[in-house]
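As structure tokens, the structure follows; a few thoughts come after it.
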Amino acid sequence: KGYLISLITAFCIMLLPIVCLAEEEDIGKKADTYFNEGYQSYFKNDLDNAILKFSKAIELNPARSNYHLFLGKAFQKKGIMPKAIDELKFAVEIEPDLTEAYVKLGECLYSQGLWMDAENAFLKVIKLKPDDFEGYYKIGQVYIKNKKVDDAVSNLLKAKDMNPEEPNIPFYLGQAYLEKDEIFLAISEFGNAIKLESNNPYYYYWRGNAYFASGDYRDPNDYYWRSVDDYQKAIEFGLATPYVYFMYGNTILNRAFYCTTANRKEDSLDLLERSIVKYKKVIEMEAKASNAYNNLGLAYFYLGRLDESITAYKTAIDLEPVVAFFHDNLGDAYYKKAQFKESVTEWNLVKELDTNYVMSQVYAPVTPRPIKQKIREAKRRVE
């Protein structure tokens, strides 16, 4: 009898690994089933269900890098970046050479403003795939944010050589050149991006900014004036944001100032009216746009509509009371309206707000005067 019990016990012990192995295989199959269901949901953009299924797969089998990768990608697409970062870090811990996980990790870190961590992730991508453009392209974007602009240019140029058909490469290269104040190279690269993708509003918007930066109202040429066409294109292709309208208005206002200095009065008046339309559009979209109210005040000022100018400046000041040049501009409007006490009050505020404030109306067609001189002149008028 004892011998029989021993025999049965030995047989059971021999069966135990087989039973455990069968259970592990069953768990693995269940995990794969959940993953495959999540995979299908992911590509149908049913992200909630994808996250649920991927999570269940990981509960059953947490050692699969691919499970963590796709859960991270699902969280990324849903905009839940901290959880995406965690899962992608798990993925590369399990499989240190998983390039896609480093790419996605870098993107998530970039989106959170974690520039140095993003840089390290993309350096790993370059190390793993030195012949692929993506690492150079992605790290170029990070270097722009890190203010390593020369590094940005060199990496983006490498990416461009590897993939000359990707329009975002010259787009970011243009941004890098703009950071370096190499305006005409920036304009050229934004133009290259537009050639590759002619309906992307961001490309027109950024080229418009580059054109705008190429000169100011004192320039006799029309080069910076080309920004008007680009801002209009950006709006037509869907980037109808307050800031695009604001820059559009600034370009028109600057052109009006140029026409004033060139004694082209009719052109100047027409352009001032057009700039007002753009600034009002900004305010319609963003009621707290203090700079739009200030520039609206400038347009009214040069049209001689002083009451409207004062109202616009006051609104800008109500929104941002500590901006010195808002008070300076309001002082100019009061002075021109012969309200000299009010102008002195505003200019004294300028001195309190910014002890180093010297010049006024830098972008307007008047000779800038020191604040102290303006106060003396106004006080003489009061007396």
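Ordered as shown in the structure tokens, chains take letters A, B, and onward, while each chain numbers its residues from 1 and ligands are numbered from 1 in the order shown.
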*as a ChimeraX atom specification, which residues of region 91-280 of chain A does DSSP assign to helix (DSSP H, G or I)?*
/A:91-94,99-111,115-128,133-145,149-162,168-179,183-196,201-213,224-236,242-261,265-280
Skipping near chain neighbours, those fewer than 3 positions away, what residues fall within 8 Å of Val344 (chain A) using only C-alpha atoms, listed as a PDB file with N, CA, C and O atoms, in the first residue's frame?
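File around28.pdb, as written:
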```pdb
ATOM      1  N   GLY A 331      -1.020 108.202 -23.581  1.00  0.00           N
ATOM      2  CA  GLY A 331      -0.533 109.560 -23.360  1.00  0.00           C
ATOM      3  C   GLY A 331      -0.431 110.340 -24.661  1.00  0.00           C
ATOM      4  O   GLY A 331      -0.791 111.534 -24.717  1.00  0.00           O
ATOM      5  N   PHE A 340      -3.717 117.621 -21.750  1.00  0.00           N
ATOM      6  CA  PHE A 340      -2.318 117.542 -21.364  1.00  0.00           C
ATOM      7  C   PHE A 340      -2.117 116.957 -19.960  1.00  0.00           C
ATOM      8  O   PHE A 340      -1.143 116.235 -19.713  1.00  0.00           O
ATOM      9  N   LYS A 341      -3.023 117.269 -19.013  1.00  0.00           N
ATOM     10  CA  LYS A 341      -2.902 116.694 -17.671  1.00  0.00           C
ATOM     11  C   LYS A 341      -2.985 115.165 -17.727  1.00  0.00           C
ATOM     12  O   LYS A 341      -2.220 114.464 -17.050  1.00  0.00           O
ATOM     13  N   TRP A 347       2.173 109.281 -18.827  1.00  0.00           N
ATOM     14  CA  TRP A 347       3.618 109.175 -19.034  1.00  0.00           C
ATOM     15  C   TRP A 347       4.368 109.003 -17.717  1.00  0.00           C
ATOM     16  O   TRP A 347       5.415 108.356 -17.669  1.00  0.00           O
ATOM     17  N   ASN A 348       3.839 109.581 -16.630  1.00  0.00           N
ATOM     18  CA  ASN A 348       4.426 109.316 -15.315  1.00  0.00           C
ATOM     19  C   ASN A 348       4.275 107.845 -14.930  1.00  0.00           C
ATOM     20  O   ASN A 348       5.166 107.253 -14.321  1.00  0.00           O
ATOM     21  N   ILE A 375       6.975 114.551 -21.111  1.00  0.00           N
ATOM     22  CA  ILE A 375       6.339 115.071 -19.896  1.00  0.00           C
ATOM     23  C   ILE A 375       6.589 116.573 -19.766  1.00  0.00           C
ATOM     24  O   ILE A 375       5.669 117.352 -19.452  1.00  0.00           O
ATOM     25  N   ALA A 378       4.360 118.452 -22.200  1.00  0.00           N
ATOM     26  CA  ALA A 378       2.963 118.445 -21.781  1.00  0.00           C
ATOM     27  C   ALA A 378       2.753 119.394 -20.601  1.00  0.00           C
ATOM     28  O   ALA A 378       1.739 120.121 -20.538  1.00  0.00           O
ATOM     29  N   LYS A 379       3.697 119.393 -19.656  1.00  0.00           N
ATOM     30  CA  LYS A 379       3.560 120.284 -18.484  1.00  0.00           C
ATOM     31  C   LYS A 379       3.584 121.750 -18.907  1.00  0.00           C
ATOM     32  O   LYS A 379       2.863 122.570 -18.345  1.00  0.00           O
TER      33      LYS A 379
END
```
*Could you tell me which of A:Asp222, A:Asp117, A:Asp181, A:Glu286 comes closest to Tyr243 (chain A) if we count only C-alpha atoms?*
A:Glu286
*Go ahead and compute the interatomic distance for CA of Asn329 (chain A) and CA of Leu303 (chain A), in Å to one decimal.*
14.5 Å
*Using only C-alpha atoms, pick whichever of A:Leu353, A:Ile283, A:Val358, A:Val228 has the shortest atom-to-atom distance to Gln373 (chain A).*
A:Val358
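Excluding Tyr110 (chain A) and any residue on its chain fewer than 2 positions from it, the residues at most 10 Å away by only C-alpha atoms are Lys104, Leu105, Gly106, Glu107, Cys108, Gln112, Gly113, Leu114, Trp115, Met116, Asp117, Ala118, Glu119, Ala121, Lys138, Ile139, Gln141, Val142 and Lys145 of chain A.
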*Residues within 10 Å of Val282 (chain A), only C-alpha atoms, excluding chain neighbours under 4 positions, as a count of residues only*: 19
